[in-house]
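S.K.: A single structure is presented below for examination.
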Number of protein chains: 2
Amino acid sequence: MKGIVLLGSTGSIGRQTLEVLRAFPQEFRVRGLAANTSRELLLRQAWETRPEAVWCGDGLDANALPPGTRCVDSMEDLVLLPDVHLVVVATVGLSGLKPTLASLRRGIPVALANKETIVSAGPLVMAESARTGTPILPIDSEPSAIWQCLLGEKQEPSRLILTASGGAFRTRPLHELATVTPEEALRHPTWKMGKKITIDSATLMNKAFEVIEAHWLFGIPWERIAVVLHPQSIVHSMVEFADGSVKAQLGVPDMRIPIQYALFYPRRMPNASLPRLDFCSPLTLVFEPLDTHRYPSFPLALEAGKRGGTFPAVLNGADEVAVALFLQRRIAFTDIPILVQRALEAHNPIPNPSVEDIVEADAWARREVLRMVEARR
Amino acid sequence: MKGIVLLGSTGSIGRQTLEVLRAFPQEFRVRGLAANTSRELLLRQAWETRPEAVWCGDGLDANALPPGTRCVDSMEDLVLLPDVHLVVVATVGLSGLKPTLASLRRGIPVALANKETIVSAGPLVMAESARTGTPILPIDSEPSAIWQCLLGEKQEPSRLILTASGGAFRTRPLHELATVTPEEALRHPTWKMGKKITIDSATLMNKAFEVIEAHWLFGIPWERIAVVLHPQSIVHSMVEFADGSVKAQLGVPDMRIPIQYALFYPRRMPNASLPRLDFCSPLTLVFEPLDTHRYPSFPLALEAGKRGGTFPAVLNGADEVAVALFLQRRIAFTDIPILVQRALEAHNPIPNPSVEDIVEADAWARREVLRMVEARR
């Protein structure tokens, strides 16, 4: 049985990971669960899966835990449990960085849904992965698609082509974007996801994060990663090879498919509860070039990724706070890239940052965005 | 240098194979060329590539050959030349069967564009490939797509999904099909190919041949091979896996891409002369279920494939003559499936046929179709 530690078990990816694990009781054993909030749900998950240990950011009453399950002080403690064979990092923000590094250090493969980790600390994470020869298995649907398309190929691809749904406002008149509401922005056309990533999909910040993630995960130069709009979210991404041949991975937009792929890799397991593309009805797939006027966050974020150092950490921290402020109706949708840009401009970058430098840059960016918004009043 | 024997060098696939070979003079050496007709072109090709030997169905004047090149008596003789590492079978009809078997017997991989060989004699060809451990590398774009999508996958796919352009008459009113002309039928919407295969695309006979080919090449049961109409011919085929994930291979409809893939497999080589998909302009890909009322040849041919024995050889021989008669304006387009069906009905099948049985069934079917058409006068 494969021992699993699941960090971020109460979020959207965490819950769907448990759904997949539940379908294969003979294959997996949950060794550890962690959640920052949602204590009640975490307890229910612990009673169901009976892990050796749990961690909750909000604290837990040890008496509420099932017999045989204990509390630990940090997510890193979960990674250090015995009989752990895969750590699923499905946390939000930078909290996944330290447990990811701890897992790689121990030689335990990481199934990574938390792209902020690799966006903020790509060189550090990839260096640890290379040093210990421990793989990072992407869970996000786009890098999973690329990973699947690269399987068995002997040579580096000539181009990665990431698809983007375009989010909630792909066809919205540009002059209306300043007044859109959080409810409208949360209406993603194809994917049901957490709030933060849904807003990041509407700004296309999320797609820039994925370009940065793909750059580090697959070691492909920036100029060979393209993004194309694909409103149906059926083609999850594509890879072009030196001979002009392109491979694509397709599927119903359902995160359980890439989650299961990462959990079982390199095996593919039958799972009747996973949806299948239906070719018995007409299907139309559209691909369109990206209009950066509509998505100013995209070039902004990509530039921060390319500059490297602590810039990506600032990008990530600033965006997280800006999105939260938008969801609280304290700023307009169109303020998100403006605030992120100002934070990037105000930042004193550190080249080749340490984990602490990255954590500090992220925290600074959060404070800076809040400060700017407070100052506007 | 990889020594190549190219059978069918003057046809559409043969000429495009030479184009690819020409782009890599350091990689390949043409050891043998064969063509049934087009003697002049064959001579020009021989002067360009300086093979050790050539064969021409129409006969050749040995004095017209370049120094160092000789004539042989059959295509099998070319396969037996020294320093041959790959035999490209791009002939038409059943003529590719014996050289394919000879090549497999010698342990030389076969790059197969001549699907009639595998349609008529699938079990024989696959048994020889298995016995000698010699691979058959598909050149046709659909099986090449499937082969590329299966690369590196550990498990059998749950489904192969072959795409079909639908040919020249996909949207033509059904009642007009009886009076369409050869010129109209030869106007393929996306691919520029030889005449026989272009007519087979209009009837969808070609797609049934590809299902039969895929069944034998990849060892997938009939009920797990689907066909979907895709008028743009950009997605060349798809593979669905047990977990609901689908991989597709895409590209500009240009046979040089799958030809080069087979020539270099498992390497992919940069070739600036091969076209690339352009994602900078909008692209729409449509998939539609197949309407067998429009394409009666399809279920008919598939049934013959499933019945096996000498039926597929009869299917193939009957279709070849019926297509030729249509091109000569001696029968209507809608007569093609009728004649093929009658030949299949009149046939006394032989189970587990030998090569001779297959050749004889093919010849019988040709005579039978001609006889039926003569009898109508």
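In the structure tokens, chains take letters A, B, ... by order of appearance, with residues numbered from 1 within each chain and ligands from 1 in the order shown.
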For region 220-222 of chain B, work out the shell of residues within 10 Å, counting only C-alpha atoms and skipping chain neighbours fewer than 3 positions away, then give it as a ChimeraX atom specification.

M.R.: /B:156-160,211-212,214-217,225-226,302,305-306

S.K.: Go ahead and dump the residues you just picked, N, CA, C and O atoms, as a compact mmCIF listing (two decimals), in the first residue's frame.

M.R.:
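Contents of the output file again.txt:
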```
# COMPACT_ATOMS: atom_id res chain seq x y z
N GLU B 156 -2.55 -1.04 -21.88
CA GLU B 156 -3.36 -1.04 -23.08
C GLU B 156 -4.38 0.10 -22.99
O GLU B 156 -4.96 0.32 -21.93
N PRO B 157 -4.62 0.82 -24.08
CA PRO B 157 -5.61 1.89 -24.02
C PRO B 157 -7.02 1.32 -23.90
O PRO B 157 -7.27 0.17 -24.24
N SER B 158 -7.94 2.14 -23.41
CA SER B 158 -9.31 1.66 -23.33
C SER B 158 -10.02 1.83 -24.67
O SER B 158 -10.97 1.12 -24.96
N ARG B 159 -9.54 2.77 -25.50
CA ARG B 159 -10.21 3.01 -26.77
C ARG B 159 -9.28 3.73 -27.73
O ARG B 159 -8.54 4.62 -27.32
N LEU B 160 -9.32 3.34 -29.00
CA LEU B 160 -8.68 4.12 -30.06
C LEU B 160 -9.78 4.92 -30.75
O LEU B 160 -10.85 4.38 -31.03
N VAL B 211 -9.47 1.06 -39.46
CA VAL B 211 -9.92 0.36 -38.25
C VAL B 211 -9.34 -1.05 -38.25
O VAL B 211 -8.80 -1.53 -37.23
N ILE B 212 -9.41 -1.71 -39.42
CA ILE B 212 -8.87 -3.07 -39.52
C ILE B 212 -7.36 -3.06 -39.27
O ILE B 212 -6.83 -3.88 -38.51
N ALA B 214 -5.67 -0.83 -37.54
CA ALA B 214 -5.40 -0.52 -36.13
C ALA B 214 -5.65 -1.75 -35.25
O ALA B 214 -4.91 -2.02 -34.30
N HIS B 215 -6.71 -2.49 -35.60
CA HIS B 215 -7.01 -3.72 -34.85
C HIS B 215 -5.81 -4.66 -34.85
O HIS B 215 -5.42 -5.18 -33.81
N TRP B 216 -5.21 -4.85 -36.02
CA TRP B 216 -4.09 -5.78 -36.12
C TRP B 216 -2.80 -5.19 -35.59
O TRP B 216 -2.07 -5.85 -34.82
N LEU B 217 -2.52 -3.94 -35.98
CA LEU B 217 -1.24 -3.33 -35.58
C LEU B 217 -1.12 -3.19 -34.08
O LEU B 217 -0.06 -3.43 -33.50
N ILE B 225 -12.50 0.29 -30.87
CA ILE B 225 -11.98 1.22 -31.89
C ILE B 225 -13.17 2.02 -32.41
O ILE B 225 -14.10 1.46 -32.97
N ALA B 226 -13.13 3.32 -32.18
CA ALA B 226 -14.21 4.21 -32.62
C ALA B 226 -13.73 5.10 -33.76
O ALA B 226 -12.53 5.30 -33.93
N LEU B 302 -16.11 -2.94 -42.49
CA LEU B 302 -15.74 -3.31 -41.13
C LEU B 302 -16.19 -4.75 -40.83
O LEU B 302 -15.46 -5.53 -40.21
N GLY B 305 -13.87 -7.13 -42.32
CA GLY B 305 -12.66 -7.20 -41.51
C GLY B 305 -12.86 -8.10 -40.31
O GLY B 305 -12.01 -8.92 -39.98
N LYS B 306 -14.01 -7.95 -39.66
CA LYS B 306 -14.28 -8.76 -38.46
C LYS B 306 -14.44 -10.23 -38.80
O LYS B 306 -14.05 -11.10 -38.02
```

S.K.: List the neighbours of Thr171 (chain A) out to 12 Å using only C-alpha atoms; skip same-chain residues closer than 5 positions along the sequence, and give me the result as number ranges by chain.

M.R.: A: 165-166, 176-177, 189, 202, 229, 231, 291, 294-295

S.K.: Write the residues of the selection above to a file with N, CA and C atoms, as a PDB file, in the first residue's frame.

M.R.:
```
ATOM      1  N   SER A 165      -8.660  28.926 -20.487  1.00  0.00           N
ATOM      2  CA  SER A 165     -10.089  29.104 -20.799  1.00  0.00           C
ATOM      3  C   SER A 165     -10.413  30.560 -21.095  1.00  0.00           C
ATOM      4  N   GLY A 166      -9.629  31.469 -20.504  1.00  0.00           N
ATOM      5  CA  GLY A 166      -9.937  32.893 -20.643  1.00  0.00           C
ATOM      6  C   GLY A 166     -10.772  33.413 -19.486  1.00  0.00           C
ATOM      7  N   GLU A 176     -16.211  47.452 -19.138  1.00  0.00           N
ATOM      8  CA  GLU A 176     -17.020  47.010 -17.992  1.00  0.00           C
ATOM      9  C   GLU A 176     -16.190  46.317 -16.915  1.00  0.00           C
ATOM     10  N   LEU A 177     -14.943  45.999 -17.236  1.00  0.00           N
ATOM     11  CA  LEU A 177     -14.147  45.183 -16.311  1.00  0.00           C
ATOM     12  C   LEU A 177     -13.918  45.868 -14.963  1.00  0.00           C
ATOM     13  N   PRO A 189     -16.236  29.616 -16.530  1.00  0.00           N
ATOM     14  CA  PRO A 189     -17.043  28.961 -17.568  1.00  0.00           C
ATOM     15  C   PRO A 189     -16.920  27.435 -17.591  1.00  0.00           C
ATOM     16  N   ALA A 202      -9.623  34.526 -14.171  1.00  0.00           N
ATOM     17  CA  ALA A 202     -10.279  35.662 -14.831  1.00  0.00           C
ATOM     18  C   ALA A 202      -9.261  36.728 -15.228  1.00  0.00           C
ATOM     19  N   LEU A 229      -5.755  30.701 -26.055  1.00  0.00           N
ATOM     20  CA  LEU A 229      -7.077  30.639 -25.427  1.00  0.00           C
ATOM     21  C   LEU A 229      -7.849  29.461 -26.002  1.00  0.00           C
ATOM     22  N   PRO A 231     -11.590  28.208 -24.944  1.00  0.00           N
ATOM     23  CA  PRO A 231     -12.697  28.414 -23.995  1.00  0.00           C
ATOM     24  C   PRO A 231     -13.339  27.129 -23.489  1.00  0.00           C
ATOM     25  N   ASP A 291      -5.247  37.975 -26.121  1.00  0.00           N
ATOM     26  CA  ASP A 291      -5.259  39.435 -26.239  1.00  0.00           C
ATOM     27  C   ASP A 291      -4.774  40.015 -24.908  1.00  0.00           C
ATOM     28  N   ARG A 294      -6.701  42.643 -22.788  1.00  0.00           N
ATOM     29  CA  ARG A 294      -7.753  42.182 -21.892  1.00  0.00           C
ATOM     30  C   ARG A 294      -7.175  41.620 -20.592  1.00  0.00           C
ATOM     31  N   TYR A 295      -5.960  41.140 -20.678  1.00  0.00           N
ATOM     32  CA  TYR A 295      -5.367  40.436 -19.537  1.00  0.00           C
ATOM     33  C   TYR A 295      -4.013  41.049 -19.158  1.00  0.00           C
TER      34      TYR A 295
END
```

S.K.: Using DSSP on the backbone coordinates, identify all residues within region 149-324 of chain A classified as strand (DSSP E or B); present the result as a list in words.

M.R.: Arg159, Leu160, Ile161, Leu162, Thr163, Ala164, Ile225, Ala226, Val227, Val228, Leu229, Val235, His236, Ser237, Met238, Val239, Glu240, Val246, Lys247, Ala248, Gln249, Leu250, Leu283, Thr284, Leu285, Val286, Phe287 and Glu288 of chain A

S.K.: Export, as an mmCIF file, in the first residue's frame, the selected residues with N, CA, C and O atoms.

M.R.:
```
data_model
loop_
_atom_site.group_PDB
_atom_site.id
_atom_site.type_symbol
_atom_site.label_atom_id
_atom_site.label_comp_id
_atom_site.auth_asym_id
_atom_site.auth_seq_id
_atom_site.Cartn_x
_atom_site.Cartn_y
_atom_site.Cartn_z
ATOM 1 N N ARG A 159 8.248 23.189 -28.298
ATOM 2 C CA ARG A 159 7.369 24.214 -27.731
ATOM 3 C C ARG A 159 6.331 23.572 -26.819
ATOM 4 O O ARG A 159 5.826 22.490 -27.119
ATOM 5 N N LEU A 160 6.045 24.222 -25.695
ATOM 6 C CA LEU A 160 4.898 23.846 -24.872
ATOM 7 C C LEU A 160 3.783 24.833 -25.198
ATOM 8 O O LEU A 160 4.031 26.042 -25.303
ATOM 9 N N ILE A 161 2.572 24.343 -25.371
ATOM 10 C CA ILE A 161 1.445 25.219 -25.681
ATOM 11 C C ILE A 161 0.400 25.026 -24.591
ATOM 12 O O ILE A 161 -0.325 24.028 -24.561
ATOM 13 N N LEU A 162 0.362 25.975 -23.653
ATOM 14 C CA LEU A 162 -0.594 25.911 -22.555
ATOM 15 C C LEU A 162 -1.922 26.477 -23.019
ATOM 16 O O LEU A 162 -1.967 27.516 -23.692
ATOM 17 N N THR A 163 -3.003 25.815 -22.662
ATOM 18 C CA THR A 163 -4.317 26.344 -23.000
ATOM 19 C C THR A 163 -4.887 27.098 -21.799
ATOM 20 O O THR A 163 -4.624 26.764 -20.650
ATOM 21 N N ALA A 164 -5.688 28.130 -22.110
ATOM 22 C CA ALA A 164 -6.318 28.957 -21.075
ATOM 23 C C ALA A 164 -7.781 29.145 -21.450
ATOM 24 O O ALA A 164 -8.085 29.459 -22.592
ATOM 25 N N ILE A 225 7.545 28.637 -24.596
ATOM 26 C CA ILE A 225 6.281 28.314 -23.930
ATOM 27 C C ILE A 225 5.232 29.299 -24.423
ATOM 28 O O ILE A 225 5.376 30.507 -24.229
ATOM 29 N N ALA A 226 4.221 28.800 -25.091
ATOM 30 C CA ALA A 226 3.172 29.661 -25.641
ATOM 31 C C ALA A 226 1.866 29.425 -24.880
ATOM 32 O O ALA A 226 1.687 28.383 -24.246
ATOM 33 N N VAL A 227 0.992 30.412 -24.936
ATOM 34 C CA VAL A 227 -0.336 30.272 -24.329
ATOM 35 C C VAL A 227 -1.382 30.572 -25.400
ATOM 36 O O VAL A 227 -1.229 31.507 -26.184
ATOM 37 N N VAL A 228 -2.412 29.748 -25.450
ATOM 38 C CA VAL A 228 -3.469 29.947 -26.432
ATOM 39 C C VAL A 228 -4.809 29.837 -25.699
ATOM 40 O O VAL A 228 -4.960 29.033 -24.777
ATOM 41 N N LEU A 229 -5.755 30.701 -26.055
ATOM 42 C CA LEU A 229 -7.077 30.639 -25.427
ATOM 43 C C LEU A 229 -7.849 29.461 -26.002
ATOM 44 O O LEU A 229 -7.822 29.214 -27.207
ATOM 45 N N VAL A 235 -8.987 20.512 -24.215
ATOM 46 C CA VAL A 235 -7.560 20.268 -24.432
ATOM 47 C C VAL A 235 -6.830 20.957 -23.281
ATOM 48 O O VAL A 235 -6.872 22.179 -23.155
ATOM 49 N N HIS A 236 -6.148 20.175 -22.446
ATOM 50 C CA HIS A 236 -5.584 20.760 -21.229
ATOM 51 C C HIS A 236 -4.210 21.361 -21.446
ATOM 52 O O HIS A 236 -3.769 22.170 -20.643
ATOM 53 N N SER A 237 -3.550 20.984 -22.486
ATOM 54 C CA SER A 237 -2.314 21.601 -22.971
ATOM 55 C C SER A 237 -1.739 20.737 -24.065
ATOM 56 O O SER A 237 -2.222 19.622 -24.290
ATOM 57 N N MET A 238 -0.716 21.271 -24.752
ATOM 58 C CA MET A 238 -0.135 20.573 -25.900
ATOM 59 C C MET A 238 1.387 20.717 -25.882
ATOM 60 O O MET A 238 1.925 21.622 -25.255
ATOM 61 N N VAL A 239 2.016 19.814 -26.613
ATOM 62 C CA VAL A 239 3.466 19.861 -26.754
ATOM 63 C C VAL A 239 3.784 19.736 -28.236
ATOM 64 O O VAL A 239 3.246 18.859 -28.909
ATOM 65 N N GLU A 240 4.628 20.636 -28.733
ATOM 66 C CA GLU A 240 5.057 20.550 -30.130
ATOM 67 C C GLU A 240 6.485 20.020 -30.172
ATOM 68 O O GLU A 240 7.323 20.428 -29.378
ATOM 69 N N VAL A 246 2.381 17.561 -33.019
ATOM 70 C CA VAL A 246 1.894 18.116 -31.752
ATOM 71 C C VAL A 246 1.113 17.027 -31.030
ATOM 72 O O VAL A 246 0.333 16.302 -31.645
ATOM 73 N N LYS A 247 1.369 16.899 -29.738
ATOM 74 C CA LYS A 247 0.550 15.996 -28.933
ATOM 75 C C LYS A 247 -0.264 16.827 -27.959
ATOM 76 O O LYS A 247 0.244 17.796 -27.385
ATOM 77 N N ALA A 248 -1.513 16.427 -27.758
ATOM 78 C CA ALA A 248 -2.393 17.126 -26.826
ATOM 79 C C ALA A 248 -2.973 16.119 -25.855
ATOM 80 O O ALA A 248 -3.145 14.949 -26.189
ATOM 81 N N GLN A 249 -3.274 16.581 -24.650
ATOM 82 C CA GLN A 249 -4.011 15.741 -23.712
ATOM 83 C C GLN A 249 -5.379 16.375 -23.533
ATOM 84 O O GLN A 249 -5.500 17.587 -23.340
ATOM 85 N N LEU A 250 -6.410 15.565 -23.641
ATOM 86 C CA LEU A 250 -7.787 16.044 -23.574
ATOM 87 C C LEU A 250 -8.525 15.307 -22.463
ATOM 88 O O LEU A 250 -8.156 14.195 -22.069
ATOM 89 N N LEU A 283 -18.773 17.955 -31.051
ATOM 90 C CA LEU A 283 -17.860 18.638 -30.136
ATOM 91 C C LEU A 283 -17.062 19.655 -30.949
ATOM 92 O O LEU A 283 -16.523 19.317 -31.998
ATOM 93 N N THR A 284 -17.037 20.895 -30.462
ATOM 94 C CA THR A 284 -16.272 21.933 -31.158
ATOM 95 C C THR A 284 -15.211 22.484 -30.219
ATOM 96 O O THR A 284 -15.521 22.882 -29.096
ATOM 97 N N LEU A 285 -13.988 22.479 -30.662
ATOM 98 C CA LEU A 285 -12.872 23.003 -29.876
ATOM 99 C C LEU A 285 -12.306 24.222 -30.592
ATOM 100 O O LEU A 285 -11.967 24.146 -31.769
ATOM 101 N N VAL A 286 -12.250 25.326 -29.859
ATOM 102 C CA VAL A 286 -11.787 26.575 -30.460
ATOM 103 C C VAL A 286 -10.475 27.002 -29.794
ATOM 104 O O VAL A 286 -10.328 26.863 -28.574
ATOM 105 N N PHE A 287 -9.562 27.485 -30.595
ATOM 106 C CA PHE A 287 -8.291 28.020 -30.094
ATOM 107 C C PHE A 287 -8.122 29.425 -30.655
ATOM 108 O O PHE A 287 -8.317 29.631 -31.852
ATOM 109 N N GLU A 288 -7.784 30.362 -29.778
ATOM 110 C CA GLU A 288 -7.655 31.758 -30.209
ATOM 111 C C GLU A 288 -6.390 32.351 -29.608
ATOM 112 O O GLU A 288 -6.027 32.013 -28.486
#
```

S.K.: Using only C-alpha atoms, select each residue of chain B with any atom at most 8 Å away from an atom of chain A, and give the selection as a PyMOL selection string.

M.R.: chain B and resi 149+151-155+228+241-251+257+260-261+266-271+274-277+279-289

S.K.: Output the selection as an mmCIF file, in the first residue's frame - C-alpha atoms for each residue.

M.R.:
```
data_model
loop_
_atom_site.group_PDB
_atom_site.id
_atom_site.type_symbol
_atom_site.label_atom_id
_atom_site.label_comp_id
_atom_site.auth_asym_id
_atom_site.auth_seq_id
_atom_site.Cartn_x
_atom_site.Cartn_y
_atom_site.Cartn_z
ATOM 1 C CA CYS B 149 0.032 8.690 -28.418
ATOM 2 C CA LEU B 151 4.516 5.999 -26.720
ATOM 3 C CA GLY B 152 5.695 5.312 -23.174
ATOM 4 C CA GLU B 153 2.259 4.218 -21.919
ATOM 5 C CA LYS B 154 2.469 1.069 -19.812
ATOM 6 C CA GLN B 155 -1.088 -0.145 -20.230
ATOM 7 C CA VAL B 228 -15.340 10.194 -35.372
ATOM 8 C CA PHE B 241 -6.939 5.504 -21.439
ATOM 9 C CA ALA B 242 -8.478 3.667 -18.506
ATOM 10 C CA ASP B 243 -8.525 6.833 -16.386
ATOM 11 C CA GLY B 244 -10.549 8.874 -18.901
ATOM 12 C CA SER B 245 -7.538 10.814 -20.122
ATOM 13 C CA VAL B 246 -7.292 11.178 -23.914
ATOM 14 C CA LYS B 247 -4.171 11.868 -25.935
ATOM 15 C CA ALA B 248 -4.331 13.237 -29.456
ATOM 16 C CA GLN B 249 -1.726 13.829 -32.108
ATOM 17 C CA LEU B 250 -2.200 16.962 -34.185
ATOM 18 C CA GLY B 251 -0.486 18.527 -37.154
ATOM 19 C CA ILE B 257 5.384 14.382 -40.784
ATOM 20 C CA GLN B 260 9.695 11.320 -41.032
ATOM 21 C CA TYR B 261 8.504 9.976 -37.676
ATOM 22 C CA PRO B 266 12.352 6.846 -31.900
ATOM 23 C CA ARG B 267 14.120 10.135 -32.681
ATOM 24 C CA ARG B 268 12.349 13.314 -33.696
ATOM 25 C CA MET B 269 14.425 15.480 -35.991
ATOM 26 C CA PRO B 270 14.082 19.196 -36.689
ATOM 27 C CA ASN B 271 13.049 19.750 -40.299
ATOM 28 C CA LEU B 274 7.780 20.575 -42.455
ATOM 29 C CA PRO B 275 4.759 22.825 -41.782
ATOM 30 C CA ARG B 276 3.697 23.696 -38.247
ATOM 31 C CA LEU B 277 0.312 24.355 -36.724
ATOM 32 C CA PHE B 279 -1.799 28.948 -33.025
ATOM 33 C CA CYS B 280 -1.501 32.690 -33.740
ATOM 34 C CA SER B 281 -4.709 32.610 -35.777
ATOM 35 C CA PRO B 282 -8.051 31.252 -34.578
ATOM 36 C CA LEU B 283 -8.426 27.516 -35.097
ATOM 37 C CA THR B 284 -11.677 25.559 -34.821
ATOM 38 C CA LEU B 285 -11.708 21.786 -34.583
ATOM 39 C CA VAL B 286 -15.028 20.006 -35.001
ATOM 40 C CA PHE B 287 -15.838 16.383 -34.142
ATOM 41 C CA GLU B 288 -19.087 14.760 -35.237
ATOM 42 C CA PRO B 289 -20.509 11.272 -34.974
#
```

S.K.: Looking only at helix (DSSP H, G or I) from DSSP on the backbone, list the matching residues of region 195-237 of chain A as a list in words.

M.R.: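 The residues of region 195-237 of chain A classed as helix (DSSP H, G or I) are Lys195, Lys196, Ile197, Thr198, Ile199, Asp200, Ser201, Ala202, Thr203, Met205, Asn206, Lys207, Ala208, Phe209, Glu210, Val211, Ile212, Glu213, Ala214, His215, Trp216, Leu217, Phe218, Trp222, Glu223 and Arg224 of chain A.
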
S.K.: With C-alpha atoms retained, export the selected residues as an mmCIF file, in the first residue's frame.

M.R.:
```
data_model
loop_
_atom_site.group_PDB
_atom_site.id
_atom_site.type_symbol
_atom_site.label_atom_id
_atom_site.label_comp_id
_atom_site.auth_asym_id
_atom_site.auth_seq_id
_atom_site.Cartn_x
_atom_site.Cartn_y
_atom_site.Cartn_z
ATOM 1 C CA LYS A 195 -11.956 31.125 -5.169
ATOM 2 C CA LYS A 196 -8.369 32.345 -5.441
ATOM 3 C CA ILE A 197 -7.567 30.329 -8.563
ATOM 4 C CA THR A 198 -10.917 31.237 -10.145
ATOM 5 C CA ILE A 199 -10.126 34.942 -9.861
ATOM 6 C CA ASP A 200 -6.585 34.238 -11.091
ATOM 7 C CA SER A 201 -8.196 32.567 -14.113
ATOM 8 C CA ALA A 202 -10.279 35.662 -14.831
ATOM 9 C CA THR A 203 -7.162 37.868 -14.776
ATOM 10 C CA MET A 205 -2.571 35.576 -13.587
ATOM 11 C CA ASN A 206 -3.055 31.841 -13.140
ATOM 12 C CA LYS A 207 -1.867 31.156 -16.685
ATOM 13 C CA ALA A 208 1.288 33.200 -16.162
ATOM 14 C CA PHE A 209 1.877 31.164 -12.998
ATOM 15 C CA GLU A 210 1.527 28.025 -15.091
ATOM 16 C CA VAL A 211 4.050 29.292 -17.636
ATOM 17 C CA ILE A 212 6.475 29.918 -14.775
ATOM 18 C CA GLU A 213 5.674 26.487 -13.329
ATOM 19 C CA ALA A 214 6.190 24.790 -16.712
ATOM 20 C CA HIS A 215 9.471 26.648 -17.227
ATOM 21 C CA TRP A 216 10.854 25.226 -13.990
ATOM 22 C CA LEU A 217 9.198 21.806 -13.982
ATOM 23 C CA PHE A 218 10.107 20.883 -17.547
ATOM 24 C CA TRP A 222 10.582 31.047 -21.697
ATOM 25 C CA GLU A 223 10.430 31.796 -25.422
ATOM 26 C CA ARG A 224 9.389 28.215 -26.124
#
```

S.K.: Would you list the contacts of Leu80 (chain B) as a list of chain:residue names, taking every protein, DNA or RNA residue within 9 Å and counting only C-alpha atoms, but skipping same-chain residues closer than 5 positions in sequence?

M.R.: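 Neighbouring residues, sequence-local ones excluded: B:Ala102, B:Ser103, B:Arg106.
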
S.K.: Write a file of the just-selected residues containing N, CA and C atoms, as a PDB file, in the first residue's frame.

M.R.:
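The resulting file, result_16.pdb, is shown below:
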```pdb
ATOM      1  N   ALA B 102       8.770 -10.783 -46.521  1.00  0.00           N
ATOM      2  CA  ALA B 102      10.194 -11.090 -46.719  1.00  0.00           C
ATOM      3  C   ALA B 102      11.050 -10.227 -45.799  1.00  0.00           C
ATOM      4  N   SER B 103      10.663  -8.985 -45.663  1.00  0.00           N
ATOM      5  CA  SER B 103      11.427  -8.064 -44.827  1.00  0.00           C
ATOM      6  C   SER B 103      11.341  -8.469 -43.354  1.00  0.00           C
ATOM      7  N   ARG B 106      13.394 -11.430 -42.599  1.00  0.00           N
ATOM      8  CA  ARG B 106      14.832 -11.111 -42.474  1.00  0.00           C
ATOM      9  C   ARG B 106      15.126 -10.278 -41.227  1.00  0.00           C
TER      10      ARG B 106
END
```

S.K.: Taking into account only C-alpha atoms, which residue in the set B:Arg170, B:Ala53, B:Thr17, B:Leu43 is nearest to Arg31 (chain B)?

M.R.: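 Checking each of B:Arg170, B:Ala53, B:Thr17, B:Leu43 against Arg31 (chain B), counting only C-alpha atoms, the winner is B:Ala53.
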
S.K.: For a quick check of understanding, using only C-alpha atoms, which of A:Val355, A:Ala62, A:Ala178, A:Val110 has the smallest distance to Ala332 (chain A)?

M.R.: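 Among A:Val355, A:Ala62, A:Ala178, A:Val110, it is A:Ala178 that comes nearest to Ala332 (chain A).
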
S.K.: Using only C-alpha atoms, which residues sit within 8 Å of region 82-89 of chain B once same-chain residues fewer than 6 positions away are excluded, as a PyMOL selection string?

M.R.: chain B and resi 2-8+31+96+100+103+108-114+263

S.K.: Can you list, as a short mmCIF file (atom, residue, chain, number, x, y, z; two decimals) with N, CA and C atoms, in the first residue's frame, every protein, DNA or RNA residue that comes within 10 Å of Val373 (chain B) when you count only C-alpha atoms, leaving out same-chain residues fewer than 3 positions away?

M.R.:
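Output contents, as saved in part02.cif:
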```
data_model
loop_
_atom_site.label_atom_id
_atom_site.label_comp_id
_atom_site.auth_asym_id
_atom_site.auth_seq_id
_atom_site.Cartn_x
_atom_site.Cartn_y
_atom_site.Cartn_z
N ALA B 322 -13.61 -1.72 -58.16
CA ALA B 322 -14.79 -0.86 -58.19
C ALA B 322 -14.38 0.61 -58.28
N LEU B 325 -13.22 1.33 -61.76
CA LEU B 325 -14.35 1.42 -62.69
C LEU B 325 -15.08 2.76 -62.52
N ARG B 330 -17.40 4.02 -65.55
CA ARG B 330 -18.18 2.86 -65.97
C ARG B 330 -19.23 2.48 -64.94
N ILE B 331 -19.06 2.92 -63.69
CA ILE B 331 -20.10 2.70 -62.67
C ILE B 331 -20.30 3.99 -61.90
N ASP B 335 -22.39 2.75 -56.73
CA ASP B 335 -22.24 1.33 -57.08
C ASP B 335 -21.07 0.68 -56.35
N LEU B 339 -21.22 -3.25 -55.39
CA LEU B 339 -20.38 -4.27 -56.03
C LEU B 339 -19.51 -5.00 -55.00
N ARG B 367 -11.82 -10.23 -60.55
CA ARG B 367 -12.51 -10.82 -61.71
C ARG B 367 -14.02 -10.75 -61.50
N GLU B 368 -14.44 -11.05 -60.27
CA GLU B 368 -15.87 -11.11 -59.96
C GLU B 368 -16.54 -9.75 -60.18
N VAL B 369 -15.89 -8.69 -59.71
CA VAL B 369 -16.47 -7.35 -59.88
C VAL B 369 -16.54 -7.00 -61.36
N LEU B 370 -15.48 -7.29 -62.07
CA LEU B 370 -15.48 -7.01 -63.51
C LEU B 370 -16.59 -7.80 -64.20
N ARG B 376 -23.90 -6.59 -66.60
CA ARG B 376 -24.99 -5.60 -66.55
C ARG B 376 -25.30 -5.02 -67.91
N ARG B 377 -24.37 -5.12 -68.85
CA ARG B 377 -24.55 -4.46 -70.14
C ARG B 377 -25.67 -5.09 -70.96
#
```
